[in-house]
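S.K.: I am sharing work_1.cif, which consists of mmCIF, C-alpha atoms:
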```cif
data_entry
loop_
_atom_site.label_atom_id
_atom_site.label_comp_id
_atom_site.auth_asym_id
_atom_site.auth_seq_id
_atom_site.Cartn_x
_atom_site.Cartn_y
_atom_site.Cartn_z
CA MET Y 1 -78.54 -14.55 -20.12
CA GLU Y 2 -82.13 -15.77 -20.33
CA ALA Y 3 -81.05 -19.37 -19.62
CA LEU Y 4 -79.11 -18.24 -16.56
CA HIS Y 5 -82.13 -16.26 -15.37
CA THR Y 6 -84.32 -19.36 -15.81
CA ASP Y 7 -81.80 -21.48 -13.86
CA ILE Y 8 -81.76 -18.95 -11.01
CA ILE Y 9 -85.56 -18.90 -10.82
CA TYR Y 10 -85.64 -22.70 -10.85
CA SER Y 11 -83.04 -22.86 -8.04
CA LEU Y 12 -84.92 -20.25 -5.97
CA ASN Y 13 -88.14 -22.22 -6.41
CA GLN Y 14 -86.42 -25.40 -5.23
CA LEU Y 15 -84.99 -23.62 -2.16
CA ALA Y 16 -88.35 -22.05 -1.37
CA ILE Y 17 -90.20 -25.37 -1.70
CA ALA Y 18 -87.65 -27.06 0.56
CA ARG Y 19 -88.55 -24.58 3.33
CA ALA Y 20 -92.27 -25.33 3.08
CA THR Y 21 -94.47 -28.31 3.84
CA ARG Y 22 -97.38 -29.60 1.77
CA PHE Y 23 -100.77 -28.88 3.26
CA CYS Y 24 -104.33 -30.07 2.63
CA TYR Y 25 -106.55 -27.08 3.20
CA GLY Y 26 -109.74 -29.16 3.17
CA CYS Y 27 -108.59 -31.29 6.11
CA TYR Y 28 -106.35 -28.56 7.50
CA THR Y 29 -103.49 -30.98 7.93
CA GLU Y 30 -99.99 -31.49 6.60
CA ALA Y 31 -99.73 -33.99 3.78
CA ASN Y 32 -97.09 -35.48 1.53
CA GLY Y 33 -98.10 -36.19 -2.06
CA ARG Y 34 -101.68 -36.99 -1.04
CA CYS Y 35 -103.72 -36.18 2.01
CA LEU Y 36 -104.01 -39.28 4.18
CA ARG Y 37 -107.49 -38.24 5.37
CA CYS Y 38 -109.29 -37.32 2.14
CA GLY Y 39 -106.90 -38.58 -0.55
CA SER Y 40 -106.65 -35.19 -2.26
CA ASP Y 41 -103.54 -34.38 -4.24
CA ASP Y 42 -104.57 -30.71 -4.54
CA LEU Y 43 -102.16 -29.56 -1.89
CA MET Y 44 -101.02 -26.11 -0.89
CA TYR Y 45 -97.66 -25.08 0.45
CA LYS Y 46 -97.48 -24.07 4.10
CA LEU Y 47 -94.74 -21.96 5.60
CA ASP Y 48 -94.81 -21.78 9.40
CA GLY Y 49 -95.31 -18.26 10.65
CA VAL Y 50 -96.13 -16.97 7.16
CA GLY Y 51 -99.20 -18.79 5.87
CA ASP Y 52 -100.37 -21.23 3.26
CA ASP Y 53 -101.27 -20.84 -0.38
CA TYR Y 54 -100.98 -22.41 -3.80
CA GLY Y 55 -98.08 -21.65 -6.12
CA THR Y 56 -94.50 -20.84 -5.25
CA ASP Y 57 -94.11 -17.12 -6.05
CA TRP Y 58 -94.99 -16.15 -2.49
CA LEU Y 59 -92.52 -18.73 -1.15
CA VAL Y 60 -89.73 -17.26 -3.28
CA GLN Y 61 -90.63 -13.72 -2.17
CA ASP Y 62 -90.48 -14.81 1.47
CA LEU Y 63 -87.17 -16.60 0.89
CA LEU Y 64 -85.63 -13.46 -0.60
CA ALA Y 65 -87.10 -11.17 2.06
CA THR Y 66 -85.83 -13.47 4.83
CA PHE Y 67 -82.28 -14.03 3.61
CA LEU Y 68 -81.43 -11.04 1.40
CA THR Y 69 -81.51 -7.28 1.58
CA PRO Y 70 -82.95 -5.59 -1.51
CA ALA Y 71 -80.41 -3.77 -3.66
CA ASP Y 72 -79.89 -0.12 -2.78
CA THR Y 73 -80.13 1.03 -6.38
CA LEU Y 74 -80.20 4.69 -5.42
CA GLY Y 75 -77.01 4.37 -3.37
CA ALA Y 76 -75.29 2.46 -6.17
CA PHE Y 77 -76.46 5.06 -8.68
CA GLU Y 78 -75.11 7.89 -6.52
CA GLU Y 79 -71.76 6.06 -6.28
CA SER Y 80 -71.71 5.69 -10.04
CA ILE Y 81 -72.42 9.39 -10.56
CA GLY Y 82 -69.87 10.27 -7.88
CA SER Y 83 -67.19 8.36 -9.78
CA CYS Y 84 -67.96 10.27 -13.01
CA TYR Y 85 -68.11 13.83 -11.72
CA PRO Y 86 -66.18 15.90 -9.20
CA GLU Y 87 -67.34 15.76 -5.59
CA THR Y 88 -68.22 19.44 -5.56
CA THR Y 89 -69.44 21.86 -8.19
CA GLN Y 90 -69.17 25.61 -8.18
CA VAL Y 91 -72.26 27.59 -9.14
CA GLY Y 92 -71.25 31.22 -9.17
CA TRP Y 93 -69.61 31.79 -5.80
CA ILE Y 94 -71.29 28.82 -4.12
CA THR Y 95 -69.60 25.42 -3.88
CA VAL Y 96 -72.12 22.57 -3.56
CA ASP Y 97 -72.10 18.81 -3.49
CA THR Y 98 -72.51 17.72 -7.14
CA ILE Y 99 -74.97 14.92 -6.43
CA THR Y 100 -77.16 17.13 -4.24
CA ALA Y 101 -77.10 19.83 -6.92
CA LEU Y 102 -78.17 17.36 -9.61
CA LYS Y 103 -81.02 15.98 -7.46
CA ASP Y 104 -82.27 19.42 -6.40
CA LEU Y 105 -81.88 21.30 -9.69
CA ASP Y 106 -83.61 18.73 -11.88
CA PRO Y 107 -85.35 15.99 -9.89
CA VAL Y 108 -87.17 14.66 -12.98
CA SER Y 109 -83.89 14.22 -14.84
CA TRP Y 110 -82.37 12.60 -11.74
CA ASP Y 111 -85.21 10.09 -11.49
CA LEU Y 112 -84.98 9.34 -15.22
CA ALA Y 113 -81.22 8.79 -14.99
CA HIS Y 114 -81.76 6.52 -11.96
CA SER Y 115 -84.32 4.48 -13.94
CA GLU Y 116 -81.89 4.22 -16.88
CA TYR Y 117 -79.18 3.07 -14.46
CA ILE Y 118 -81.47 0.30 -13.19
CA ASP Y 119 -82.32 -0.74 -16.76
CA SER Y 120 -78.63 -0.87 -17.61
CA GLU Y 121 -77.81 -2.98 -14.55
CA LEU Y 122 -80.69 -5.33 -15.42
CA SER Y 123 -79.46 -5.64 -19.01
CA ASP Y 124 -75.90 -6.29 -17.85
CA GLY Y 125 -77.16 -9.03 -15.52
CA ASN Y 126 -76.06 -7.30 -12.33
CA LEU Y 127 -79.58 -6.77 -10.99
CA ILE Y 128 -82.61 -9.05 -11.01
CA THR Y 129 -86.23 -8.47 -10.14
CA LEU Y 130 -88.79 -11.20 -9.61
CA ASP Y 131 -91.77 -8.94 -8.92
CA ASN Y 132 -91.84 -6.71 -12.00
CA GLY Y 133 -89.60 -4.02 -10.57
CA SER Y 134 -91.03 -3.56 -7.09
CA THR Y 135 -87.85 -4.98 -5.55
CA TYR Y 136 -84.39 -5.46 -7.01
CA TYR Y 137 -81.66 -7.79 -5.81
CA TRP Y 138 -78.03 -7.97 -6.80
CA PHE Y 139 -77.59 -11.05 -8.95
CA SER Y 140 -74.41 -11.94 -7.07
CA ASP Y 141 -76.34 -11.94 -3.75
CA ILE Y 142 -78.87 -14.40 -5.16
CA GLU Y 143 -76.10 -16.62 -6.55
CA HIS Y 144 -74.40 -16.54 -3.15
CA LEU Y 145 -77.68 -17.51 -1.43
CA ILE Y 146 -78.10 -20.46 -3.79
CA ASP Y 147 -74.47 -21.53 -3.40
CA ARG Y 148 -74.71 -21.37 0.42
CA ALA Y 149 -77.85 -23.49 0.39
CA ALA Y 150 -76.24 -26.07 -1.91
CA LEU Y 151 -73.32 -26.61 0.47
CA PRO Y 152 -73.62 -29.45 2.98
CA ALA Y 153 -74.45 -28.22 6.48
#
```
Go ahead and express the file in the form of structure tokens.

M.R.:
Amino acid sequence: MEALHTDIIYSLNQLAIARATRFCYGCYTEANGRCLRCGSDDLMYKLDGVGDDYGTDWLVQDLLATFLTPADTLGAFEESIGSCYPETTQVGWITVDTITALKDLDPVSWDLAHSEYIDSELSDGNLITLDNGSTYYWFSDIEHLIDRAALPA
């Protein structure tokens, strides 16, 4: 799984770099390999309408934000719970939606179970995060993005 994750990150970096141009900040001009004005090879990446900076993490984040929708982990978790338990639950004489009851009766437990669901999906390779858990994407969506980009236009 780790090798596949590394391949995905490499592919995303290549796609992100392909969207950007190299940029000499000192001369404030686009460059390719070396700046034609000053000869510097210490070039940034520039993405029109976004900005310029060193490194590629920000390029990958912009690529994902532009072309993908983050995974709705809460919606997927609710679907998972809905498939395991009946739609409604009776508490005394009151019939309530099971998921709403679980959320409202023990919100801490609900949040913990949601976190465990995310961990399980990450372990199974269904989810991926590239920003330490701030945003999750479905692995299949990222694969589809890479496959689409690899196809001839």

S.K.: Where does the PyMOL selection byres ((chain Y and resi 9) around 12) land in this file, that is, which residues does it pick, as a list in words?

M.R.: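 Checking the PyMOL selection byres ((chain Y and resi 9) around 12) against this file, the residues are Glu2, Ala3, Leu4, His5, Thr6, Asp7, Ile8, Tyr10, Ser11, Leu12, Asn13, Gln14, Leu15, Ala16, Thr56, Asp57, Leu59, Val60, Gln61, Leu64, Ile128, Thr129, Leu130, Asp131, Phe139, Ile142, Glu143 and Ile146 of chain Y.
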
S.K.: Rank Y:Asp119, Y:Arg34, Y:Cys24, Y:Leu102 by their smallest atom-to-atom distance to Tyr136 in chain Y, using only C-alpha atoms, and report the top residue only.

M.R.: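 Of the candidates, the smallest distance to Tyr136 in chain Y is held by Y:Asp119.
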
S.K.: Could you tell me which of Y:Gly92, Y:Phe23, Y:Phe77, Y:Leu68 comes closest to Leu112 in chain Y if we count all atoms listed in the file?

M.R.: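 Counting all atoms listed in the file, the residue closest to Leu112 in chain Y is Y:Phe77.
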
S.K.: Write out as a PyMOL selection string which residues come within 10 Å of Ala101 in chain Y when counting only C-alpha atoms, dropping same-chain ones fewer than 4 positions away.

M.R.: chain Y and resi 88-91+95-97+105-107

S.K.: How many Å separate CA of Thr100 in chain Y from CA of His114 in chain Y?

M.R.: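 We find that CA of Thr100 in chain Y and CA of His114 in chain Y lie 13.9 Å from each other.
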